[in-house]
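Structure below is my_file22.pdb: PDB, C-alpha atoms, pLDDT in the B column.
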```
MODEL        1
ATOM      1  CA  MET A  20       0.000   0.000   0.000  1.00 41.00           C
ATOM      2  CA  ASN A  21       1.450   3.354  -0.990  1.00 46.00           C
ATOM      3  CA  ILE A  22       0.337   6.710   0.352  1.00 46.00           C
ATOM      4  CA  ASP A  23      -0.987   8.745  -2.582  1.00 47.00           C
ATOM      5  CA  THR A  24       1.307  11.466  -3.858  1.00 44.00           C
ATOM      6  CA  MET A  25       1.838  13.179  -7.194  1.00 54.00           C
ATOM      7  CA  HIS A  26       4.735  10.809  -7.853  1.00 74.00           C
ATOM      8  CA  LYS A  27       5.821   7.601  -6.242  1.00 93.00           C
ATOM      9  CA  GLN A  28       7.598   7.740  -2.917  1.00 97.00           C
ATOM     10  CA  GLN A  29       9.599   4.828  -1.629  1.00 97.00           C
ATOM     11  CA  VAL A  30      12.219   3.732   0.813  1.00 98.00           C
ATOM     12  CA  VAL A  31      14.954   1.513  -0.582  1.00 98.00           C
ATOM     13  CA  ILE A  32      16.670  -0.528   2.112  1.00 98.00           C
ATOM     14  CA  ILE A  33      20.055  -1.677   0.861  1.00 98.00           C
ATOM     15  CA  LEU A  34      21.766  -4.372   2.884  1.00 98.00           C
ATOM     16  CA  GLY A  35      25.459  -5.139   2.668  1.00 97.00           C
ATOM     17  CA  SER A  36      24.730  -8.852   3.020  1.00 95.00           C
ATOM     18  CA  LYS A  37      21.927 -11.297   3.735  1.00 95.00           C
ATOM     19  CA  ARG A  38      23.130 -11.435   7.358  1.00 93.00           C
ATOM     20  CA  ASP A  39      21.812  -7.896   7.825  1.00 95.00           C
ATOM     21  CA  LEU A  40      18.201  -8.878   7.057  1.00 96.00           C
ATOM     22  CA  ASN A  41      17.193  -9.743  10.643  1.00 96.00           C
ATOM     23  CA  PHE A  42      18.539  -6.427  11.888  1.00 97.00           C
ATOM     24  CA  ALA A  43      16.763  -4.530   9.078  1.00 98.00           C
ATOM     25  CA  ALA A  44      13.401  -6.340   9.302  1.00 98.00           C
ATOM     26  CA  PRO A  45      11.903  -3.783  11.743  1.00 98.00           C
ATOM     27  CA  ILE A  46      12.441  -1.039   9.152  1.00 98.00           C
ATOM     28  CA  GLY A  47      10.043  -2.776   6.792  1.00 98.00           C
ATOM     29  CA  ARG A  48       7.528  -3.505   9.551  1.00 98.00           C
ATOM     30  CA  VAL A  49       7.340   0.170  10.531  1.00 97.00           C
ATOM     31  CA  LEU A  50       7.044   1.312   6.912  1.00 98.00           C
ATOM     32  CA  GLU A  51       4.259  -1.230   6.298  1.00 97.00           C
ATOM     33  CA  HIS A  52       2.415   0.020   9.364  1.00 95.00           C
ATOM     34  CA  PHE A  53       2.363   3.509   7.846  1.00 96.00           C
ATOM     35  CA  GLY A  54       1.636   2.332   4.290  1.00 96.00           C
ATOM     36  CA  VAL A  55       4.958   3.462   2.842  1.00 97.00           C
ATOM     37  CA  ASP A  56       6.256   1.631  -0.235  1.00 97.00           C
ATOM     38  CA  TYR A  57       9.647   0.005   0.283  1.00 98.00           C
ATOM     39  CA  GLU A  58      11.878  -2.757  -0.938  1.00 97.00           C
ATOM     40  CA  TYR A  59      14.956  -4.584   0.288  1.00 98.00           C
ATOM     41  CA  ARG A  60      18.028  -5.024  -1.892  1.00 98.00           C
ATOM     42  CA  ILE A  61      21.424  -6.595  -1.209  1.00 98.00           C
ATOM     43  CA  ALA A  62      24.573  -5.077  -2.652  1.00 97.00           C
ATOM     44  CA  SER A  63      28.060  -4.801  -1.248  1.00 96.00           C
ATOM     45  CA  ALA A  64      30.245  -1.727  -1.614  1.00 96.00           C
ATOM     46  CA  HIS A  65      33.289  -3.991  -1.446  1.00 95.00           C
ATOM     47  CA  LYS A  66      32.212  -7.177  -3.205  1.00 96.00           C
ATOM     48  CA  THR A  67      29.753  -5.902  -5.839  1.00 97.00           C
ATOM     49  CA  PRO A  68      30.391  -2.159  -6.303  1.00 97.00           C
ATOM     50  CA  ARG A  69      29.521  -2.179 -10.021  1.00 98.00           C
ATOM     51  CA  GLU A  70      26.174  -3.859  -9.344  1.00 98.00           C
ATOM     52  CA  LEU A  71      25.498  -1.372  -6.540  1.00 98.00           C
ATOM     53  CA  LEU A  72      26.172   1.587  -8.826  1.00 98.00           C
ATOM     54  CA  ASN A  73      23.932   0.054 -11.530  1.00 98.00           C
ATOM     55  CA  LEU A  74      21.191  -0.389  -8.950  1.00 98.00           C
ATOM     56  CA  LEU A  75      21.477   3.232  -7.857  1.00 98.00           C
ATOM     57  CA  GLU A  76      21.402   4.400 -11.464  1.00 97.00           C
ATOM     58  CA  LYS A  77      18.105   2.571 -11.979  1.00 97.00           C
ATOM     59  CA  TYR A  78      16.561   4.278  -8.964  1.00 97.00           C
ATOM     60  CA  GLU A  79      17.973   7.677  -9.917  1.00 95.00           C
ATOM     61  CA  LYS A  80      16.322   7.437 -13.350  1.00 96.00           C
ATOM     62  CA  SER A  81      12.948   6.404 -11.886  1.00 95.00           C
ATOM     63  CA  GLY A  82      11.871   9.955 -11.042  1.00 94.00           C
ATOM     64  CA  ASN A  83      10.569   8.718  -7.699  1.00 96.00           C
ATOM     65  CA  SER A  84      11.088  10.385  -4.349  1.00 97.00           C
ATOM     66  CA  ILE A  85      13.439   7.995  -2.635  1.00 98.00           C
ATOM     67  CA  VAL A  86      15.034   7.703   0.751  1.00 98.00           C
ATOM     68  CA  TYR A  87      17.744   5.083   1.008  1.00 98.00           C
ATOM     69  CA  VAL A  88      18.376   3.259   4.269  1.00 98.00           C
ATOM     70  CA  THR A  89      21.688   1.428   4.225  1.00 98.00           C
ATOM     71  CA  VAL A  90      22.409  -1.417   6.599  1.00 97.00           C
ATOM     72  CA  ALA A  91      25.968  -2.708   6.683  1.00 95.00           C
ATOM     73  CA  GLY A  92      28.402  -3.444   9.433  1.00 85.00           C
ATOM     74  CA  MET A  93      32.174  -3.372   9.820  1.00 85.00           C
ATOM     75  CA  SER A  94      33.556  -0.646   7.551  1.00 85.00           C
ATOM     76  CA  ASN A  95      30.081   0.381   6.331  1.00 90.00           C
ATOM     77  CA  ALA A  96      31.441   1.649   3.044  1.00 94.00           C
ATOM     78  CA  LEU A  97      27.942   1.003   1.701  1.00 97.00           C
ATOM     79  CA  SER A  98      26.425   4.141   3.211  1.00 97.00           C
ATOM     80  CA  GLY A  99      29.141   6.453   1.936  1.00 96.00           C
ATOM     81  CA  LEU A 100      29.184   4.920  -1.535  1.00 97.00           C
ATOM     82  CA  VAL A 101      25.413   5.174  -1.849  1.00 98.00           C
ATOM     83  CA  ASP A 102      25.378   8.757  -0.566  1.00 98.00           C
ATOM     84  CA  ALA A 103      28.179   9.835  -2.900  1.00 97.00           C
ATOM     85  CA  ASN A 104      26.216   8.518  -5.888  1.00 97.00           C
ATOM     86  CA  THR A 105      22.691   9.781  -5.264  1.00 98.00           C
ATOM     87  CA  LYS A 106      20.849  13.062  -4.951  1.00 97.00           C
ATOM     88  CA  HIS A 107      18.409  11.450  -2.518  1.00 98.00           C
ATOM     89  CA  PRO A 108      18.758  11.273   1.275  1.00 98.00           C
ATOM     90  CA  VAL A 109      20.657   8.325   2.735  1.00 98.00           C
ATOM     91  CA  ILE A 110      20.191   7.072   6.280  1.00 98.00           C
ATOM     92  CA  ALA A 111      22.953   4.795   7.529  1.00 97.00           C
ATOM     93  CA  CYS A 112      21.663   2.276  10.056  1.00 97.00           C
ATOM     94  CA  PRO A 113      24.674   0.099  10.868  1.00 95.00           C
ATOM     95  CA  PRO A 114      24.237  -2.887  13.189  1.00 94.00           C
ATOM     96  CA  TYR A 115      26.110  -2.637  16.464  1.00 87.00           C
ATOM     97  CA  SER A 116      29.113  -4.930  16.747  1.00 84.00           C
ATOM     98  CA  ASP A 117      30.380  -6.194  20.085  1.00 83.00           C
ATOM     99  CA  LYS A 118      33.384  -7.582  18.239  1.00 82.00           C
ATOM    100  CA  PHE A 119      34.858  -4.109  17.824  1.00 81.00           C
ATOM    101  CA  GLY A 120      33.350  -2.598  20.955  1.00 84.00           C
ATOM    102  CA  GLY A 121      31.177  -0.360  18.805  1.00 83.00           C
ATOM    103  CA  ALA A 122      34.222   1.363  17.264  1.00 85.00           C
ATOM    104  CA  ASP A 123      33.128   0.349  13.766  1.00 84.00           C
ATOM    105  CA  ILE A 124      30.429   3.042  14.024  1.00 88.00           C
ATOM    106  CA  TYR A 125      33.101   5.614  13.188  1.00 89.00           C
ATOM    107  CA  SER A 126      33.015   4.522   9.548  1.00 88.00           C
ATOM    108  CA  SER A 127      29.402   5.730   9.468  1.00 90.00           C
ATOM    109  CA  LEU A 128      30.082   8.954  11.341  1.00 91.00           C
ATOM    110  CA  ARG A 129      33.359  10.091   9.782  1.00 92.00           C
ATOM    111  CA  THR A 130      32.878  10.463   6.057  1.00 92.00           C
ATOM    112  CA  PRO A 131      34.834  12.516   3.508  1.00 93.00           C
ATOM    113  CA  SER A 132      33.711  15.945   2.323  1.00 95.00           C
ATOM    114  CA  GLY A 133      30.683  15.836   0.055  1.00 95.00           C
ATOM    115  CA  VAL A 134      29.451  12.563   1.552  1.00 96.00           C
ATOM    116  CA  ALA A 135      26.715  13.107   4.124  1.00 95.00           C
ATOM    117  CA  PRO A 136      24.609  10.104   5.088  1.00 97.00           C
ATOM    118  CA  LEU A 137      22.553  10.596   8.229  1.00 97.00           C
ATOM    119  CA  VAL A 138      23.204   8.018  10.939  1.00 97.00           C
ATOM    120  CA  VAL A 139      20.373   6.460  12.943  1.00 97.00           C
ATOM    121  CA  LEU A 140      21.301   3.369  14.940  1.00 96.00           C
ATOM    122  CA  ASN A 141      17.830   2.057  15.779  1.00 97.00           C
ATOM    123  CA  PRO A 142      16.067   0.398  12.792  1.00 98.00           C
ATOM    124  CA  GLU A 143      12.590   1.591  13.809  1.00 98.00           C
ATOM    125  CA  ASN A 144      13.887   5.132  14.162  1.00 98.00           C
ATOM    126  CA  ALA A 145      15.592   4.892  10.763  1.00 98.00           C
ATOM    127  CA  ALA A 146      12.161   4.107   9.289  1.00 98.00           C
ATOM    128  CA  LEU A 147      10.668   7.054  11.190  1.00 98.00           C
ATOM    129  CA  ALA A 148      13.388   9.380   9.875  1.00 98.00           C
ATOM    130  CA  ALA A 149      12.721   8.178   6.322  1.00 98.00           C
ATOM    131  CA  MET A 150       9.005   8.873   6.761  1.00 98.00           C
ATOM    132  CA  LYS A 151       9.692  12.359   8.094  1.00 98.00           C
ATOM    133  CA  ILE A 152      11.797  13.093   5.020  1.00 98.00           C
ATOM    134  CA  LEU A 153       9.097  11.801   2.667  1.00 98.00           C
ATOM    135  CA  GLY A 154       6.536  13.696   4.734  1.00 97.00           C
ATOM    136  CA  LEU A 155       8.104  16.979   3.643  1.00 97.00           C
ATOM    137  CA  GLU A 156       6.260  16.561   0.340  1.00 95.00           C
ATOM    138  CA  ASN A 157       3.425  14.365   1.598  1.00 96.00           C
ATOM    139  CA  PRO A 158       1.095  16.020   4.126  1.00 96.00           C
ATOM    140  CA  ILE A 159      -0.847  12.786   4.701  1.00 96.00           C
ATOM    141  CA  LEU A 160       2.293  10.943   5.745  1.00 97.00           C
ATOM    142  CA  SER A 161       3.456  13.916   7.787  1.00 97.00           C
ATOM    143  CA  GLU A 162       0.171  13.861   9.720  1.00 97.00           C
ATOM    144  CA  LYS A 163       0.509  10.111  10.337  1.00 96.00           C
ATOM    145  CA  VAL A 164       3.991  10.660  11.764  1.00 97.00           C
ATOM    146  CA  TYR A 165       2.654  13.481  13.956  1.00 97.00           C
ATOM    147  CA  GLN A 166      -0.167  11.274  15.277  1.00 97.00           C
ATOM    148  CA  PHE A 167       2.364   8.526  15.995  1.00 96.00           C
ATOM    149  CA  GLN A 168       4.454  10.984  18.005  1.00 96.00           C
ATOM    150  CA  LEU A 169       1.383  12.117  19.950  1.00 97.00           C
ATOM    151  CA  GLU A 170       0.618   8.494  20.823  1.00 96.00           C
ATOM    152  CA  LYS A 171       4.173   8.033  22.112  1.00 95.00           C
ATOM    153  CA  LYS A 172       3.724  11.131  24.298  1.00 96.00           C
ATOM    154  CA  ARG A 173       0.427   9.746  25.633  1.00 96.00           C
ATOM    155  CA  GLU A 174       2.170   6.478  26.510  1.00 96.00           C
ATOM    156  CA  VAL A 175       4.776   8.348  28.558  1.00 96.00           C
ATOM    157  CA  ASN A 176       2.138  10.463  30.299  1.00 95.00           C
ATOM    158  CA  THR A 177       0.050   7.380  31.114  1.00 95.00           C
ATOM    159  CA  ALA A 178       3.095   5.607  32.561  1.00 94.00           C
ATOM    160  CA  ASP A 179       3.918   8.702  34.612  1.00 93.00           C
ATOM    161  CA  GLY A 180       0.400   8.791  35.993  1.00 92.00           C
ATOM    162  CA  LYS A 181       0.736   5.189  37.151  1.00 91.00           C
ATOM    163  CA  VAL A 182       3.999   5.747  39.049  1.00 93.00           C
ATOM    164  CA  LYS A 183       3.486   9.306  40.303  1.00 91.00           C
ATOM    165  CA  GLY A 184       3.592   9.441  44.092  1.00 89.00           C
ATOM    166  CA  LYS A 185       4.297   5.720  44.460  1.00 87.00           C
ATOM    167  CA  LYS A 186       7.131   4.046  46.304  1.00 87.00           C
ATOM    168  CA  VAL A 187       9.147   1.173  44.879  1.00 83.00           C
ATOM    169  CA  SER A 188       7.220  -1.226  47.091  1.00 84.00           C
ATOM    170  CA  ASP A 189       3.943  -0.002  45.504  1.00 81.00           C
ATOM    171  CA  LEU A 190       5.086  -0.866  41.983  1.00 79.00           C
TER     172      LEU A 190
ENDMDL
END
```
Please, can you express the file's structure as structure tokens?
Amino acid sequence: MNIDTMHKQQVVIILGSKRDLNFAAPIGRVLEHFGVDYEYRIASAHKTPRELLNLLEKYEKSGNSIVYVTVAGMSNALSGLVDANTKHPVIACPPYSDKFGGADIYSSLRTPSGVAPLVVLNPENAALAAMKILGLENPILSEKVYQFQLEKKREVNTADGKVKGKKVSDL
């Protein structure tokens, strides 16, 4: 289901490998919940750079409003390569790695001049960021995001009401 706009809007979730699919699955679930068109693709900046560039070229020629979400660990060259070869926004959502004590995140944060992917570590929040970007030209989607945020605020206020004035032993 796609939210109606003058031209197609979509989120393209590019994974560095099949291993990233479990981590990236929540992105699709959130986008489905809001009726945003998306698709998963797998392409490696290191192993299949030519195929990745061909894939991007196809999307660039589509005329669609696109937000890319890139999911790749270790060096995460994927996010920078995608960003350097598109006019559309790129959100890097690299999986956390205990193996490197989280230090591999620097490859997503420290990019060369002219390469500016956004970095959002939580997959659900990466989907939310993509929807906010698409919402800039889609008032229906923007309103859905706003209503979602209001619901989150209500959840916090309800939880506060349940604990206000209580002691630990009362909880």
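A straight line drawn from atom CA of A:Lys171 to atom CA of A:Leu128 is 28.1 Å long.
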Leaving out A:Ala111 and any residue of its chain fewer than 2 positions from it, which residues lie within 12 Å of it when counting all atoms listed in the file, given as a ChimeraX atom specification? /A:31-35,43,86-92,94-102,108-109,113-114,124-130,134-142,144-146,148-149
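Among A:Glu70, A:Leu147, A:Ala178, A:Asp117, the residue with the shortest atom-to-atom distance to A:Glu51, counting all atoms listed in the file, is A:Leu147.
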Do you know which residues the PyMOL selection byres ((chain A and resi 157-167) around 12) returns on this file, as a short mmCIF file (atom, residue, chain, number, x, y, z; two decimals) with C-alpha atoms, in the frame of the given file?
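So the final result, stored in part-v9.cif, reads:
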```
data_model
loop_
_atom_site.label_atom_id
_atom_site.label_comp_id
_atom_site.auth_asym_id
_atom_site.auth_seq_id
_atom_site.Cartn_x
_atom_site.Cartn_y
_atom_site.Cartn_z
CA ASN A 21 1.45 3.35 -0.99
CA ILE A 22 0.34 6.71 0.35
CA ASP A 23 -0.99 8.74 -2.58
CA THR A 24 1.31 11.47 -3.86
CA MET A 25 1.84 13.18 -7.19
CA HIS A 26 4.74 10.81 -7.85
CA LYS A 27 5.82 7.60 -6.24
CA GLN A 28 7.60 7.74 -2.92
CA GLN A 29 9.60 4.83 -1.63
CA VAL A 49 7.34 0.17 10.53
CA LEU A 50 7.04 1.31 6.91
CA HIS A 52 2.42 0.02 9.36
CA PHE A 53 2.36 3.51 7.85
CA GLY A 54 1.64 2.33 4.29
CA VAL A 55 4.96 3.46 2.84
CA ASP A 56 6.26 1.63 -0.24
CA SER A 84 11.09 10.38 -4.35
CA ASN A 144 13.89 5.13 14.16
CA ALA A 146 12.16 4.11 9.29
CA LEU A 147 10.67 7.05 11.19
CA ALA A 148 13.39 9.38 9.88
CA ALA A 149 12.72 8.18 6.32
CA MET A 150 9.01 8.87 6.76
CA LYS A 151 9.69 12.36 8.09
CA ILE A 152 11.80 13.09 5.02
CA LEU A 153 9.10 11.80 2.67
CA GLY A 154 6.54 13.70 4.73
CA LEU A 155 8.10 16.98 3.64
CA GLU A 156 6.26 16.56 0.34
CA GLN A 168 4.45 10.98 18.00
CA LEU A 169 1.38 12.12 19.95
CA GLU A 170 0.62 8.49 20.82
CA LYS A 171 4.17 8.03 22.11
CA LYS A 172 3.72 11.13 24.30
CA ARG A 173 0.43 9.75 25.63
CA GLU A 174 2.17 6.48 26.51
#
```
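You will find atom CA of A:Ser36 at 18.6 Å from atom CA of A:Phe119.
What separates atom CA of A:Glu143 from atom CA of A:Pro68 is a distance of 27.1 Å.
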Kindly complete stretch 157-178 of chain A to N, CA and C atoms; the output should be written as an mmCIF file, keeping the file's coordinate frame.
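Result file result-v7.cif:
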```cif
data_model
loop_
_atom_site.group_PDB
_atom_site.id
_atom_site.type_symbol
_atom_site.label_atom_id
_atom_site.label_comp_id
_atom_site.auth_asym_id
_atom_site.auth_seq_id
_atom_site.Cartn_x
_atom_site.Cartn_y
_atom_site.Cartn_z
ATOM 1 N N ASN A 157 4.628 15.173 1.490
ATOM 2 C CA ASN A 157 3.425 14.365 1.598
ATOM 3 C C ASN A 157 2.721 14.682 2.917
ATOM 4 N N PRO A 158 1.747 15.613 2.885
ATOM 5 C CA PRO A 158 1.095 16.020 4.126
ATOM 6 C C PRO A 158 0.346 14.890 4.824
ATOM 7 N N ILE A 159 -0.137 13.911 4.078
ATOM 8 C CA ILE A 159 -0.847 12.786 4.701
ATOM 9 C C ILE A 159 0.127 11.979 5.546
ATOM 10 N N LEU A 160 1.285 11.684 4.995
ATOM 11 C CA LEU A 160 2.293 10.943 5.745
ATOM 12 C C LEU A 160 2.803 11.766 6.919
ATOM 13 N N SER A 161 3.001 13.036 6.710
ATOM 14 C CA SER A 161 3.456 13.916 7.787
ATOM 15 C C SER A 161 2.476 13.889 8.959
ATOM 16 N N GLU A 162 1.199 13.909 8.663
ATOM 17 C CA GLU A 162 0.171 13.861 9.720
ATOM 18 C C GLU A 162 0.198 12.517 10.436
ATOM 19 N N LYS A 163 0.413 11.430 9.700
ATOM 20 C CA LYS A 163 0.509 10.111 10.337
ATOM 21 C C LYS A 163 1.691 10.055 11.297
ATOM 22 N N VAL A 164 2.809 10.625 10.896
ATOM 23 C CA VAL A 164 3.991 10.660 11.764
ATOM 24 C C VAL A 164 3.678 11.486 13.012
ATOM 25 N N TYR A 165 3.014 12.616 12.820
ATOM 26 C CA TYR A 165 2.654 13.481 13.956
ATOM 27 C C TYR A 165 1.734 12.737 14.936
ATOM 28 N N GLN A 166 0.749 12.028 14.408
ATOM 29 C CA GLN A 166 -0.167 11.274 15.277
ATOM 30 C C GLN A 166 0.575 10.164 16.025
ATOM 31 N N PHE A 167 1.532 9.548 15.364
ATOM 32 C CA PHE A 167 2.364 8.526 15.995
ATOM 33 C C PHE A 167 3.147 9.132 17.166
ATOM 34 N N GLN A 168 3.702 10.317 16.944
ATOM 35 C CA GLN A 168 4.454 10.984 18.005
ATOM 36 C C GLN A 168 3.543 11.358 19.177
ATOM 37 N N LEU A 169 2.330 11.810 18.873
ATOM 38 C CA LEU A 169 1.383 12.117 19.950
ATOM 39 C C LEU A 169 1.064 10.879 20.775
ATOM 40 N N GLU A 170 0.895 9.746 20.113
ATOM 41 C CA GLU A 170 0.618 8.494 20.823
ATOM 42 C C GLU A 170 1.783 8.122 21.732
ATOM 43 N N LYS A 171 3.004 8.313 21.272
ATOM 44 C CA LYS A 171 4.173 8.033 22.112
ATOM 45 C C LYS A 171 4.182 8.939 23.342
ATOM 46 N N LYS A 172 3.795 10.201 23.165
ATOM 47 C CA LYS A 172 3.724 11.131 24.298
ATOM 48 C C LYS A 172 2.643 10.689 25.286
ATOM 49 N N ARG A 173 1.499 10.237 24.754
ATOM 50 C CA ARG A 173 0.427 9.746 25.633
ATOM 51 C C ARG A 173 0.889 8.538 26.437
ATOM 52 N N GLU A 174 1.653 7.652 25.805
ATOM 53 C CA GLU A 174 2.170 6.478 26.510
ATOM 54 C C GLU A 174 3.051 6.890 27.682
ATOM 55 N N VAL A 175 3.902 7.874 27.483
ATOM 56 C CA VAL A 175 4.776 8.348 28.558
ATOM 57 C C VAL A 175 3.940 8.986 29.667
ATOM 58 N N ASN A 176 2.980 9.805 29.292
ATOM 59 C CA ASN A 176 2.138 10.463 30.299
ATOM 60 C C ASN A 176 1.305 9.462 31.087
ATOM 61 N N THR A 177 0.812 8.430 30.428
ATOM 62 C CA THR A 177 0.050 7.380 31.114
ATOM 63 C C THR A 177 0.944 6.638 32.099
ATOM 64 N N ALA A 178 2.150 6.298 31.677
ATOM 65 C CA ALA A 178 3.095 5.607 32.561
ATOM 66 C C ALA A 178 3.444 6.487 33.762
#
```
